[in-house]
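Source file final.tsv; content: TSV, C-alpha atoms.
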```
chain	number	residue	atom	x	y	z
S	1	MET	CA	-3.25	-55.15	-61.32
S	2	ASN	CA	-3.11	-54.55	-57.57
S	3	ASP	CA	-0.47	-57.18	-56.84
S	4	LEU	CA	1.77	-57.61	-53.79
S	5	SER	CA	4.57	-55.52	-55.28
S	6	SER	CA	2.41	-52.44	-54.78
S	7	ARG	CA	1.53	-53.44	-51.19
S	8	PRO	CA	4.83	-54.21	-49.40
S	9	ASN	CA	3.35	-54.37	-45.87
S	10	GLU	CA	0.55	-56.67	-46.98
S	11	ALA	CA	3.07	-58.79	-48.88
S	12	CYS	CA	5.11	-59.31	-45.73
S	13	ARG	CA	2.04	-60.36	-43.75
S	14	ILE	CA	0.88	-62.83	-46.39
S	15	GLU	CA	4.38	-64.30	-46.72
S	16	ARG	CA	4.75	-64.68	-42.94
S	17	GLU	CA	1.38	-66.34	-42.41
S	18	SER	CA	2.07	-68.99	-45.07
S	19	ALA	CA	5.83	-69.40	-44.62
S	20	GLU	CA	5.64	-72.85	-42.98
S	21	TRP	CA	3.09	-74.32	-45.36
S	22	PRO	CA	3.90	-76.87	-48.07
S	23	GLU	CA	5.39	-75.07	-51.05
S	24	GLN	CA	2.43	-75.65	-53.35
S	25	ASP	CA	-0.04	-74.27	-50.80
S	26	ARG	CA	2.22	-71.35	-49.97
S	27	ASN	CA	2.64	-70.29	-53.60
S	28	ARG	CA	-1.07	-70.56	-54.35
S	29	TRP	CA	-2.07	-68.62	-51.22
S	30	GLN	CA	0.30	-65.78	-52.06
S	31	ALA	CA	-0.88	-65.74	-55.66
S	32	ILE	CA	-4.56	-65.67	-54.68
S	33	PHE	CA	-4.30	-62.89	-52.13
S	34	GLY	CA	-1.63	-61.02	-54.04
S	35	SER	CA	-3.90	-60.12	-56.94
S	36	GLN	CA	-7.21	-58.43	-57.27
S	37	ALA	CA	-8.53	-61.24	-59.44
S	38	ARG	CA	-8.19	-63.83	-56.64
S	39	PHE	CA	-8.97	-66.62	-59.07
S	40	ALA	CA	-12.63	-67.59	-58.82
S	41	LEU	CA	-13.29	-66.75	-55.17
S	42	SER	CA	-16.98	-66.10	-54.73
S	43	VAL	CA	-16.37	-64.02	-51.59
S	44	ASP	CA	-13.88	-61.22	-51.32
S	45	TRP	CA	-12.42	-62.11	-47.92
S	46	ALA	CA	-11.68	-59.37	-45.43
S	47	GLU	CA	-8.11	-59.30	-44.16
S	48	ALA	CA	-9.22	-60.46	-40.71
S	49	THR	CA	-10.91	-63.53	-42.23
S	50	ARG	CA	-7.86	-64.38	-44.30
S	51	ARG	CA	-5.54	-64.08	-41.32
S	52	GLN	CA	-7.80	-66.20	-39.09
S	53	VAL	CA	-8.05	-68.95	-41.71
S	54	ALA	CA	-4.29	-68.86	-42.30
S	55	TRP	CA	-3.57	-69.02	-38.55
S	56	VAL	CA	-5.75	-72.10	-38.04
S	57	TYR	CA	-4.34	-73.80	-41.13
S	58	LEU	CA	-0.82	-73.18	-39.82
S	59	LYS	CA	-1.79	-74.71	-36.45
S	60	TYR	CA	-3.09	-77.75	-38.30
S	61	ILE	CA	0.06	-78.11	-40.43
S	62	ARG	CA	2.29	-77.87	-37.35
S	63	HIS	CA	0.14	-80.42	-35.52
S	64	VAL	CA	0.26	-83.11	-38.20
S	65	ARG	CA	3.99	-82.57	-38.75
S	66	ASP	CA	4.63	-83.03	-35.02
S	67	LEU	CA	2.74	-86.32	-35.29
S	68	GLY	CA	4.96	-87.41	-38.16
S	69	PHE	CA	2.11	-87.19	-40.70
S	70	ALA	CA	2.42	-85.68	-44.14
S	71	ALA	CA	1.51	-81.98	-44.26
S	72	ASP	CA	-1.85	-82.66	-45.87
S	73	VAL	CA	-5.49	-82.50	-44.82
S	74	THR	CA	-6.67	-86.03	-44.05
S	75	PRO	CA	-9.48	-87.51	-41.94
S	76	GLU	CA	-6.90	-88.88	-39.50
S	77	GLY	CA	-5.13	-85.54	-39.20
S	78	VAL	CA	-8.30	-83.50	-38.70
S	79	GLU	CA	-9.66	-85.98	-36.15
S	80	ASP	CA	-6.45	-85.84	-34.10
S	81	PHE	CA	-6.21	-82.05	-34.42
S	82	ALA	CA	-9.79	-81.53	-33.26
S	83	SER	CA	-9.48	-84.14	-30.50
S	84	ALA	CA	-6.34	-82.43	-29.19
S	85	ALA	CA	-8.19	-79.10	-29.10
S	86	LEU	CA	-11.03	-80.67	-27.10
S	87	ALA	CA	-8.51	-82.23	-24.72
S	88	ARG	CA	-6.97	-78.79	-24.12
S	89	GLY	CA	-10.37	-77.56	-22.97
S	90	CYS	CA	-11.54	-75.83	-26.16
S	91	GLY	CA	-15.30	-75.65	-26.50
S	92	LEU	CA	-17.28	-77.23	-29.29
S	93	ARG	CA	-17.82	-73.84	-30.92
S	94	THR	CA	-14.07	-73.26	-31.07
S	95	VAL	CA	-13.40	-76.70	-32.54
S	96	ALA	CA	-16.17	-76.18	-35.08
S	97	ASN	CA	-14.55	-72.88	-36.06
S	98	TYR	CA	-11.16	-74.59	-36.45
S	99	VAL	CA	-12.58	-77.22	-38.80
S	100	GLN	CA	-14.49	-74.57	-40.73
S	101	CYS	CA	-11.27	-72.56	-41.19
S	102	ILE	CA	-9.47	-75.63	-42.52
S	103	GLU	CA	-12.36	-76.21	-44.91
S	104	GLN	CA	-12.19	-72.56	-46.02
S	105	ALA	CA	-8.45	-72.80	-46.60
S	106	LEU	CA	-8.90	-75.92	-48.71
S	107	SER	CA	-11.75	-74.28	-50.66
S	108	VAL	CA	-9.22	-71.87	-52.16
S	109	LEU	CA	-6.07	-73.98	-52.09
S	110	ARG	CA	-7.82	-76.92	-53.77
S	111	SER	CA	-10.47	-75.04	-55.75
S	112	GLY	CA	-11.66	-77.09	-58.69
S	113	GLY	CA	-10.38	-80.28	-57.09
S	114	SER	CA	-12.06	-83.64	-56.70
S	115	ARG	CA	-14.87	-84.62	-54.36
S	116	ARG	CA	-12.44	-86.24	-51.97
S	117	LEU	CA	-12.85	-83.29	-49.58
S	118	ASP	CA	-16.63	-83.65	-49.30
S	119	TRP	CA	-16.10	-85.31	-45.92
S	120	LEU	CA	-14.47	-82.11	-44.61
S	121	ARG	CA	-17.38	-79.93	-45.68
S	122	ASP	CA	-19.82	-82.43	-44.16
S	123	LEU	CA	-17.87	-82.45	-40.89
S	124	SER	CA	-17.67	-78.65	-40.79
S	125	ASN	CA	-21.43	-78.36	-41.30
S	126	ALA	CA	-22.19	-81.04	-38.70
S	127	LEU	CA	-19.94	-79.47	-36.05
S	128	ASN	CA	-21.38	-76.02	-36.65
S	129	LYS	CA	-24.90	-77.37	-36.37
S	130	ALA	CA	-24.05	-79.09	-33.10
S	131	ALA	CA	-22.25	-75.98	-31.80
S	132	LYS	CA	-25.34	-73.81	-32.32
S	133	ASN	CA	-27.16	-75.95	-29.77
S	134	THR	CA	-24.32	-75.79	-27.24
S	135	PRO	CA	-23.97	-72.84	-24.83
S	136	LYS	CA	-20.75	-70.88	-25.12
S	137	LYS	CA	-18.01	-72.18	-22.89
S	138	LYS	CA	-16.79	-69.27	-20.81
S	139	ALA	CA	-15.27	-70.80	-17.72
S	140	GLY	CA	-12.11	-72.17	-19.34
S	141	ARG	CA	-10.34	-68.81	-19.60
S	142	GLN	CA	-11.48	-67.09	-16.45
S	143	ARG	CA	-9.97	-66.11	-13.14
S	144	PRO	CA	-11.69	-65.03	-9.94
S	145	ALA	CA	-12.50	-61.33	-10.08
S	146	ASN	CA	-10.69	-60.76	-6.78
S	147	ASP	CA	-7.49	-62.21	-8.22
S	148	ILE	CA	-7.70	-59.84	-11.18
S	149	LEU	CA	-8.34	-56.83	-8.97
S	150	ASN	CA	-5.46	-57.72	-6.64
S	151	LEU	CA	-3.15	-58.17	-9.62
S	152	GLY	CA	-3.96	-54.67	-10.86
S	153	LEU	CA	-3.37	-53.19	-7.41
S	154	ALA	CA	-0.06	-55.06	-7.09
S	155	GLU	CA	1.15	-53.74	-10.46
S	156	MET	CA	0.49	-50.16	-9.35
S	157	GLU	CA	2.18	-50.78	-6.01
S	158	GLN	CA	5.32	-52.13	-7.66
S	159	ALA	CA	5.62	-49.32	-10.24
S	160	ASP	CA	8.30	-46.81	-9.21
S	161	LEU	CA	6.92	-43.54	-10.52
S	162	ALA	CA	9.81	-41.65	-8.94
S	163	SER	CA	12.10	-43.18	-11.57
S	164	GLY	CA	10.53	-40.99	-14.25
S	165	SER	CA	10.73	-43.83	-16.77
S	166	TRP	CA	7.89	-44.67	-19.11
S	167	HIS	CA	8.36	-48.34	-18.19
S	168	ASP	CA	7.16	-47.63	-14.64
S	169	SER	CA	4.47	-45.22	-15.83
S	170	LYS	CA	3.18	-47.88	-18.21
S	171	ARG	CA	3.20	-50.48	-15.46
S	172	TYR	CA	1.13	-48.21	-13.25
S	173	ARG	CA	-1.23	-47.36	-16.11
S	174	ASP	CA	-1.75	-51.01	-16.99
S	175	GLY	CA	-2.39	-51.94	-13.37
S	176	LEU	CA	-4.98	-49.20	-13.10
S	177	ILE	CA	-6.62	-50.30	-16.35
S	178	LEU	CA	-6.93	-53.85	-15.04
S	179	ALA	CA	-8.23	-52.87	-11.59
S	180	LEU	CA	-10.69	-50.29	-12.89
S	181	TRP	CA	-11.95	-52.50	-15.72
S	182	ILE	CA	-12.80	-55.47	-13.50
S	183	CYS	CA	-14.78	-53.09	-11.29
S	184	MET	CA	-16.65	-51.50	-14.19
S	185	PRO	CA	-16.71	-54.14	-16.96
S	186	GLU	CA	-17.56	-51.97	-19.94
S	187	ARG	CA	-17.09	-53.09	-23.53
S	188	ARG	CA	-13.68	-52.30	-24.98
S	189	ARG	CA	-14.81	-49.43	-27.19
S	190	ALA	CA	-16.47	-47.61	-24.30
S	191	PHE	CA	-13.61	-48.16	-21.85
S	192	THR	CA	-10.99	-47.07	-24.39
S	193	SER	CA	-12.92	-43.89	-25.22
S	194	ILE	CA	-13.12	-42.46	-21.68
S	195	ARG	CA	-12.47	-38.70	-21.74
S	196	LEU	CA	-11.50	-36.38	-18.90
S	197	GLN	CA	-14.88	-34.70	-19.21
S	198	ASP	CA	-16.51	-38.06	-18.49
S	199	LEU	CA	-14.93	-38.15	-15.03
S	200	SER	CA	-16.78	-36.45	-12.21
S	201	ALA	CA	-14.78	-33.69	-10.49
S	202	ASP	CA	-14.44	-35.72	-7.29
S	203	LEU	CA	-13.63	-38.94	-9.21
S	204	THR	CA	-16.64	-40.74	-7.81
S	205	SER	CA	-18.06	-41.76	-11.18
S	206	ILE	CA	-17.49	-42.09	-14.92
S	207	ASP	CA	-20.10	-41.30	-17.55
S	208	PHE	CA	-20.19	-43.52	-20.63
S	209	PRO	CA	-22.04	-41.63	-23.39
S	210	ALA	CA	-24.59	-43.28	-25.64
S	211	GLU	CA	-22.42	-43.04	-28.77
S	212	HIS	CA	-19.89	-45.40	-27.21
S	213	GLN	CA	-22.44	-47.95	-26.03
S	214	LYS	CA	-23.58	-51.00	-27.97
S	215	THR	CA	-27.05	-50.53	-26.50
S	216	GLY	CA	-27.15	-46.86	-27.55
S	217	GLU	CA	-27.94	-45.81	-23.98
S	218	ALA	CA	-25.69	-43.69	-21.78
S	219	ILE	CA	-24.80	-45.10	-18.36
S	220	LYS	CA	-22.89	-43.97	-15.26
S	221	ARG	CA	-20.44	-46.19	-13.39
S	222	LEU	CA	-19.34	-45.56	-9.80
S	223	ILE	CA	-15.61	-45.64	-9.10
S	224	PRO	CA	-14.85	-47.69	-5.95
S	225	ASP	CA	-13.52	-45.57	-3.07
S	226	PHE	CA	-10.24	-47.48	-2.85
S	227	LEU	CA	-9.44	-46.86	-6.52
S	228	ARG	CA	-9.98	-43.10	-6.49
S	229	PRO	CA	-6.52	-42.27	-5.03
S	230	HIS	CA	-4.91	-44.49	-7.69
S	231	LEU	CA	-6.81	-42.75	-10.47
S	232	ARG	CA	-5.88	-39.34	-9.03
S	233	ARG	CA	-2.23	-40.32	-8.95
S	234	TYR	CA	-2.38	-41.48	-12.56
S	235	LEU	CA	-3.91	-38.16	-13.60
S	236	ASP	CA	-1.42	-36.05	-11.63
S	237	GLU	CA	1.83	-37.96	-12.07
S	238	ILE	CA	1.48	-39.67	-15.44
S	239	ARG	CA	-1.17	-38.18	-17.65
S	240	SER	CA	-0.48	-34.55	-16.79
S	241	LEU	CA	3.23	-35.02	-17.56
S	242	HIS	CA	2.98	-37.04	-20.76
S	243	ALA	CA	-0.36	-36.37	-22.46
S	244	GLY	CA	-0.64	-34.32	-25.61
S	245	SER	CA	-3.40	-31.83	-26.38
S	246	HIS	CA	-6.34	-34.22	-26.22
S	247	ASP	CA	-9.03	-35.18	-23.76
S	248	ARG	CA	-8.65	-38.95	-23.63
S	249	LEU	CA	-7.91	-40.62	-20.31
S	250	TRP	CA	-5.60	-43.40	-21.45
S	251	ILE	CA	-2.32	-42.49	-23.14
S	252	VAL	CA	0.67	-44.21	-24.72
S	253	GLU	CA	4.34	-43.30	-24.62
S	254	GLY	CA	4.71	-39.90	-26.26
S	255	GLY	CA	1.32	-38.74	-24.99
S	256	ASP	CA	-1.03	-39.82	-27.79
S	257	PRO	CA	-4.41	-41.38	-26.94
S	258	ALA	CA	-4.25	-45.13	-26.36
S	259	GLY	CA	-6.19	-47.21	-28.87
S	260	SER	CA	-8.25	-50.29	-28.14
S	261	GLN	CA	-5.40	-52.61	-29.12
S	262	THR	CA	-3.17	-50.95	-26.51
S	263	LEU	CA	-5.67	-51.74	-23.78
S	264	TYR	CA	-6.17	-55.25	-25.16
S	265	ARG	CA	-2.42	-55.93	-24.97
S	266	ALA	CA	-2.13	-54.36	-21.53
S	267	VAL	CA	-4.71	-56.75	-20.06
S	268	GLY	CA	-3.38	-59.75	-21.97
S	269	ASP	CA	0.29	-59.19	-21.10
S	270	ILE	CA	-0.27	-58.76	-17.35
S	271	THR	CA	-2.57	-61.74	-16.98
S	272	LYS	CA	-0.39	-63.95	-19.18
S	273	THR	CA	2.67	-63.20	-17.05
S	274	ARG	CA	0.96	-63.74	-13.70
S	275	PHE	CA	-1.77	-66.30	-14.43
S	276	GLY	CA	-0.32	-68.10	-17.44
S	277	ILE	CA	-3.52	-67.23	-19.33
S	278	ALA	CA	-3.85	-64.09	-21.44
S	279	LEU	CA	-7.28	-62.73	-20.58
S	280	SER	CA	-9.00	-60.45	-23.05
S	281	PRO	CA	-11.09	-57.40	-22.05
S	282	HIS	CA	-14.20	-59.40	-22.90
S	283	ARG	CA	-13.07	-62.11	-20.48
S	284	LEU	CA	-12.91	-59.47	-17.75
S	285	ARG	CA	-16.63	-58.98	-18.34
S	286	ASP	CA	-17.12	-62.74	-18.04
S	287	CYS	CA	-15.17	-62.81	-14.77
S	288	ALA	CA	-17.15	-59.91	-13.32
S	289	ALA	CA	-20.46	-61.58	-14.22
S	290	ARG	CA	-19.31	-64.92	-12.86
S	291	PHE	CA	-18.41	-63.23	-9.57
S	292	VAL	CA	-21.93	-61.87	-9.22
S	293	VAL	CA	-23.54	-65.19	-10.09
S	294	GLU	CA	-21.38	-67.20	-7.67
S	295	GLU	CA	-21.13	-64.76	-4.77
S	296	MET	CA	-24.61	-63.21	-4.90
S	297	THR	CA	-26.76	-66.09	-6.08
S	298	SER	CA	-30.01	-64.49	-4.95
S	299	GLU	CA	-29.15	-61.39	-6.97
S	300	ALA	CA	-27.78	-63.17	-10.04
S	301	ARG	CA	-30.02	-61.03	-12.25
S	302	LEU	CA	-27.63	-58.16	-11.49
S	303	ALA	CA	-25.15	-59.74	-13.90
S	304	SER	CA	-27.28	-58.35	-16.75
S	305	VAL	CA	-27.07	-54.89	-15.21
S	306	ILE	CA	-23.33	-55.08	-14.61
S	307	LEU	CA	-22.65	-56.14	-18.21
S	308	ASN	CA	-25.16	-53.59	-19.54
S	309	HIS	CA	-27.07	-56.26	-21.47
S	310	ARG	CA	-30.27	-54.95	-22.99
S	311	ASP	CA	-31.69	-58.48	-23.18
S	312	ALA	CA	-31.33	-60.66	-20.07
S	313	ARG	CA	-31.05	-63.69	-22.36
S	314	SER	CA	-27.54	-62.51	-23.25
S	315	THR	CA	-26.52	-63.27	-19.66
S	316	ALA	CA	-28.06	-66.75	-19.67
S	317	PRO	CA	-24.76	-68.60	-20.38
S	318	TYR	CA	-23.36	-67.32	-17.07
S	319	LEU	CA	-26.38	-68.64	-15.21
S	320	GLU	CA	-26.85	-71.93	-16.97
S	321	GLY	CA	-23.27	-72.93	-17.75
S	322	ALA	CA	-22.26	-75.23	-20.55
S	323	ASN	CA	-22.56	-78.99	-20.38
S	324	THR	CA	-18.98	-79.40	-21.60
S	325	LEU	CA	-18.82	-83.13	-21.08
S	326	SER	CA	-21.88	-83.70	-23.25
S	327	ALA	CA	-20.55	-81.29	-25.89
S	328	SER	CA	-17.18	-83.03	-26.02
S	329	ARG	CA	-18.80	-86.44	-26.42
S	330	LYS	CA	-20.97	-85.06	-29.22
S	331	ALA	CA	-17.91	-83.64	-30.99
S	332	MET	CA	-15.93	-86.87	-30.67
S	333	ALA	CA	-18.83	-88.86	-32.10
S	334	LEU	CA	-19.03	-86.54	-35.11
S	335	LEU	CA	-15.27	-86.78	-35.67
S	336	HIS	CA	-15.29	-90.58	-35.62
S	337	LEU	CA	-18.31	-90.71	-37.93
S	338	SER	CA	-16.72	-88.28	-40.37
S	339	ARG	CA	-13.50	-90.27	-40.52
S	340	ALA	CA	-15.39	-93.53	-41.09
S	341	LYS	CA	-17.34	-91.99	-43.97
S	342	ALA	CA	-14.19	-90.54	-45.57
S	343	LEU	CA	-12.35	-93.85	-45.40
S	344	SER	CA	-15.27	-95.72	-46.91
S	345	ARG	CA	-15.31	-93.58	-50.06
```

Kindly return the structure encoded in the file as structure tokens.
Amino acid sequence: MNDLSSRPNEACRIERESAEWPEQDRNRWQAIFGSQARFALSVDWAEATRRQVAWVYLKYIRHVRDLGFAADVTPEGVEDFASAALARGCGLRTVANYVQCIEQALSVLRSGGSRRLDWLRDLSNALNKAAKNTPKKKAGRQRPANDILNLGLAEMEQADLASGSWHDSKRYRDGLILALWICMPERRRAFTSIRLQDLSADLTSIDFPAEHQKTGEAIKRLIPDFLRPHLRRYLDEIRSLHAGSHDRLWIVEGGDPAGSQTLYRAVGDITKTRFGIALSPHRLRDCAARFVVEEMTSEARLASVILNHRDARSTAPYLEGANTLSASRKAMALLHLSRAKALSR
């Protein structure tokens, strides 16, 4: 039996993610995901799915407790939880995902239970159906591209490389990552995988090979003139002093190649500190596309080129925008209807 005792790291994660749950739910969750049998689950959840479901369920439990409700899934609790998410600016797709995660959690925590949770499944299905017809909401977690660029430049300016500390080297590296990424908004895998051989000798361009592209097509990005001295300084004063025997551009303390999570955290930490919103690398792509659409309206089609979208329809949400008011009204109507049905049973 592959139980938690043979997987100490996994055991710690499962215990942490369910620590604040009601005791019965906590014990069942740990029992389910601590054994290979996993009761009668029809789908063998990936770890990422389990962690996402657990995270949303924890948010729900905290929410209803803060309201003074019992830590249970009820129509009133779900309606208030979803309404609060909409009020914070979450899109209908996000709210639909939250409700679906709660329904997934209950499908294992209450497996074999009564039909009293049919209302939750109905609500989850209705919200997901409505969300499919609603454009993705991208504007809520964006910043002007110029603000992002200036933030990256400021971080490099304030880093004291003469100190010789990794703290300042990291600050400079992260500032360069942010400034360079907003100017060439590649997908995370491609940007993380940049090698020295991909840089032109005069630092005027970067080649992104086909094997690192979602489209399977190699592309070349031009490095803005004003960023070339910053990149040269990073290569001469940071990478050359710290890097190990590898060809990757981005490094971590100790000289090893930086992974995608390192770059994800770098972008998120800087923007969270300065803007109060942790932007993801994908949001940098959104911000770059939005800049093109808003500043060069007659050339808005260039957003597809900048994001390296094979199909121009992928860029449509930037051009059309989401009717968030209509989406929110639709979600609220579904929530009220679901609660009324549940209470009438």

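Proximity ranking of S:Ala126, S:Ile32, S:Val53, S:Leu241 relative to Ser169 in chain S places S:Leu241 first, based on all atoms listed in the file.
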
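For the pair CA of Gln30 in chain S and CA of Trp45 in chain S, the separation is 13.9 Å.
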
Separation of CA of Asp286 in chain S and CA of Arg187 in chain S, in Å?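 If I compute the distance from CA of Asp286 in chain S to CA of Arg187 in chain S, I get 11.1 Å.
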
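The smallest atom-to-atom distance between Arg188 in chain S and any of S:Leu161, S:Leu284, S:Val108, S:Ala84, using all atoms listed in the file, is found for S:Leu284.
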
Near Leu151 in chain S, counting all atoms listed in the file, which residues have an atom at most 9 Å away, once you skip same-chain residues fewer than 4 positions from it, shown as a compact mmCIF listing (two decimals) with C-alpha atoms, keeping the file's coordinate frame?
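Listed below is the output, part20.txt:
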```
# COMPACT_ATOMS: atom_id res chain seq x y z
CA ASN S 146 -10.69 -60.76 -6.78
CA ASP S 147 -7.49 -62.21 -8.22
CA GLU S 155 1.15 -53.74 -10.46
CA MET S 156 0.49 -50.16 -9.35
CA GLY S 175 -2.39 -51.94 -13.37
CA LEU S 178 -6.93 -53.85 -15.04
CA ALA S 179 -8.23 -52.87 -11.59
CA ILE S 270 -0.27 -58.76 -17.35
CA THR S 271 -2.57 -61.74 -16.98
CA ARG S 274 0.96 -63.74 -13.70
```

In Å, rounded to a single decimal, give me how far CA of Ala48 in chain S is from CA of Arg143 in chain S.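 Calculated distance between CA of Arg143 in chain S and CA of Ala48 in chain S is 28.2 Å.
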
Please write as JSON, numbers by chain the list of polymer residues whose atoms come within 12 Å of (-23.7, -45.3, -22.1), counting all atoms listed in the file and keeping to the coordinates of the file. {"S": [186, 187, 189, 190, 191, 193, 194, 198, 206, 207, 208, 209, 210, 211, 212, 213, 214, 215, 216, 217, 218, 219, 220, 221, 307, 308, 309, 310]}

Deliver the residues from the most recent selection as a file, using C-alpha atoms, as a short mmCIF file (atom, residue, chain, number, x, y, z; two decimals), in the frame of the given file.
```
data_model
loop_
_atom_site.label_atom_id
_atom_site.label_comp_id
_atom_site.auth_asym_id
_atom_site.auth_seq_id
_atom_site.Cartn_x
_atom_site.Cartn_y
_atom_site.Cartn_z
CA GLU S 186 -17.56 -51.97 -19.94
CA ARG S 187 -17.09 -53.09 -23.53
CA ARG S 189 -14.81 -49.43 -27.19
CA ALA S 190 -16.47 -47.61 -24.30
CA PHE S 191 -13.61 -48.16 -21.85
CA SER S 193 -12.92 -43.89 -25.22
CA ILE S 194 -13.12 -42.46 -21.68
CA ASP S 198 -16.51 -38.06 -18.49
CA ILE S 206 -17.49 -42.09 -14.92
CA ASP S 207 -20.10 -41.30 -17.55
CA PHE S 208 -20.19 -43.52 -20.63
CA PRO S 209 -22.04 -41.63 -23.39
CA ALA S 210 -24.59 -43.28 -25.64
CA GLU S 211 -22.42 -43.04 -28.77
CA HIS S 212 -19.89 -45.40 -27.21
CA GLN S 213 -22.44 -47.95 -26.03
CA LYS S 214 -23.58 -51.00 -27.97
CA THR S 215 -27.05 -50.53 -26.50
CA GLY S 216 -27.15 -46.86 -27.55
CA GLU S 217 -27.94 -45.81 -23.98
CA ALA S 218 -25.69 -43.69 -21.78
CA ILE S 219 -24.80 -45.10 -18.36
CA LYS S 220 -22.89 -43.97 -15.26
CA ARG S 221 -20.44 -46.19 -13.39
CA LEU S 307 -22.65 -56.14 -18.21
CA ASN S 308 -25.16 -53.59 -19.54
CA HIS S 309 -27.07 -56.26 -21.47
CA ARG S 310 -30.27 -54.95 -22.99
#
```

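Among S:Ser165, S:Gln24, S:Thr74, S:Ser260, the residue with the shortest atom-to-atom distance to Leu120 in chain S, counting all atoms listed in the file, is S:Thr74.
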
Starting from the incomplete input, reconstruct N, CA and C atoms of range 99-112 of chain S and write that as a PDB file, in the coordinates of the input.
```pdb
ATOM      1  N   VAL S  99     -12.322 -76.346 -37.646  1.00  0.00           N
ATOM      2  CA  VAL S  99     -12.580 -77.220 -38.800  1.00  0.00           C
ATOM      3  C   VAL S  99     -13.113 -76.395 -39.970  1.00  0.00           C
ATOM      4  N   GLN S 100     -13.959 -75.423 -39.669  1.00  0.00           N
ATOM      5  CA  GLN S 100     -14.490 -74.570 -40.730  1.00  0.00           C
ATOM      6  C   GLN S 100     -13.367 -73.772 -41.401  1.00  0.00           C
ATOM      7  N   CYS S 101     -12.404 -73.302 -40.623  1.00  0.00           N
ATOM      8  CA  CYS S 101     -11.270 -72.560 -41.190  1.00  0.00           C
ATOM      9  C   CYS S 101     -10.419 -73.453 -42.092  1.00  0.00           C
ATOM     10  N   ILE S 102     -10.213 -74.697 -41.672  1.00  0.00           N
ATOM     11  CA  ILE S 102      -9.470 -75.630 -42.520  1.00  0.00           C
ATOM     12  C   ILE S 102     -10.218 -75.865 -43.825  1.00  0.00           C
ATOM     13  N   GLU S 103     -11.541 -76.015 -43.705  1.00  0.00           N
ATOM     14  CA  GLU S 103     -12.360 -76.210 -44.910  1.00  0.00           C
ATOM     15  C   GLU S 103     -12.299 -74.985 -45.821  1.00  0.00           C
ATOM     16  N   GLN S 104     -12.291 -73.787 -45.225  1.00  0.00           N
ATOM     17  CA  GLN S 104     -12.190 -72.560 -46.020  1.00  0.00           C
ATOM     18  C   GLN S 104     -10.835 -72.466 -46.725  1.00  0.00           C
ATOM     19  N   ALA S 105      -9.782 -72.836 -45.996  1.00  0.00           N
ATOM     20  CA  ALA S 105      -8.450 -72.800 -46.600  1.00  0.00           C
ATOM     21  C   ALA S 105      -8.382 -73.739 -47.801  1.00  0.00           C
ATOM     22  N   LEU S 106      -8.927 -74.945 -47.623  1.00  0.00           N
ATOM     23  CA  LEU S 106      -8.900 -75.920 -48.710  1.00  0.00           C
ATOM     24  C   LEU S 106      -9.793 -75.492 -49.874  1.00  0.00           C
ATOM     25  N   SER S 107     -10.838 -74.707 -49.584  1.00  0.00           N
ATOM     26  CA  SER S 107     -11.750 -74.280 -50.660  1.00  0.00           C
ATOM     27  C   SER S 107     -11.033 -73.384 -51.666  1.00  0.00           C
ATOM     28  N   VAL S 108      -9.981 -72.692 -51.217  1.00  0.00           N
ATOM     29  CA  VAL S 108      -9.220 -71.870 -52.160  1.00  0.00           C
ATOM     30  C   VAL S 108      -7.935 -72.549 -52.612  1.00  0.00           C
ATOM     31  N   LEU S 109      -7.317 -73.311 -51.721  1.00  0.00           N
ATOM     32  CA  LEU S 109      -6.070 -73.980 -52.090  1.00  0.00           C
ATOM     33  C   LEU S 109      -6.307 -75.164 -53.017  1.00  0.00           C
ATOM     34  N   ARG S 110      -7.498 -75.763 -52.922  1.00  0.00           N
ATOM     35  CA  ARG S 110      -7.820 -76.920 -53.770  1.00  0.00           C
ATOM     36  C   ARG S 110      -9.037 -76.633 -54.633  1.00  0.00           C
ATOM     37  N   SER S 111      -9.293 -75.381 -54.957  1.00  0.00           N
ATOM     38  CA  SER S 111     -10.470 -75.040 -55.750  1.00  0.00           C
ATOM     39  C   SER S 111     -10.435 -75.771 -57.079  1.00  0.00           C
ATOM     40  N   GLY S 112     -11.590 -76.326 -57.455  1.00  0.00           N
ATOM     41  CA  GLY S 112     -11.660 -77.090 -58.690  1.00  0.00           C
ATOM     42  C   GLY S 112     -11.166 -78.510 -58.560  1.00  0.00           C
TER      43      GLY S 112
END
```
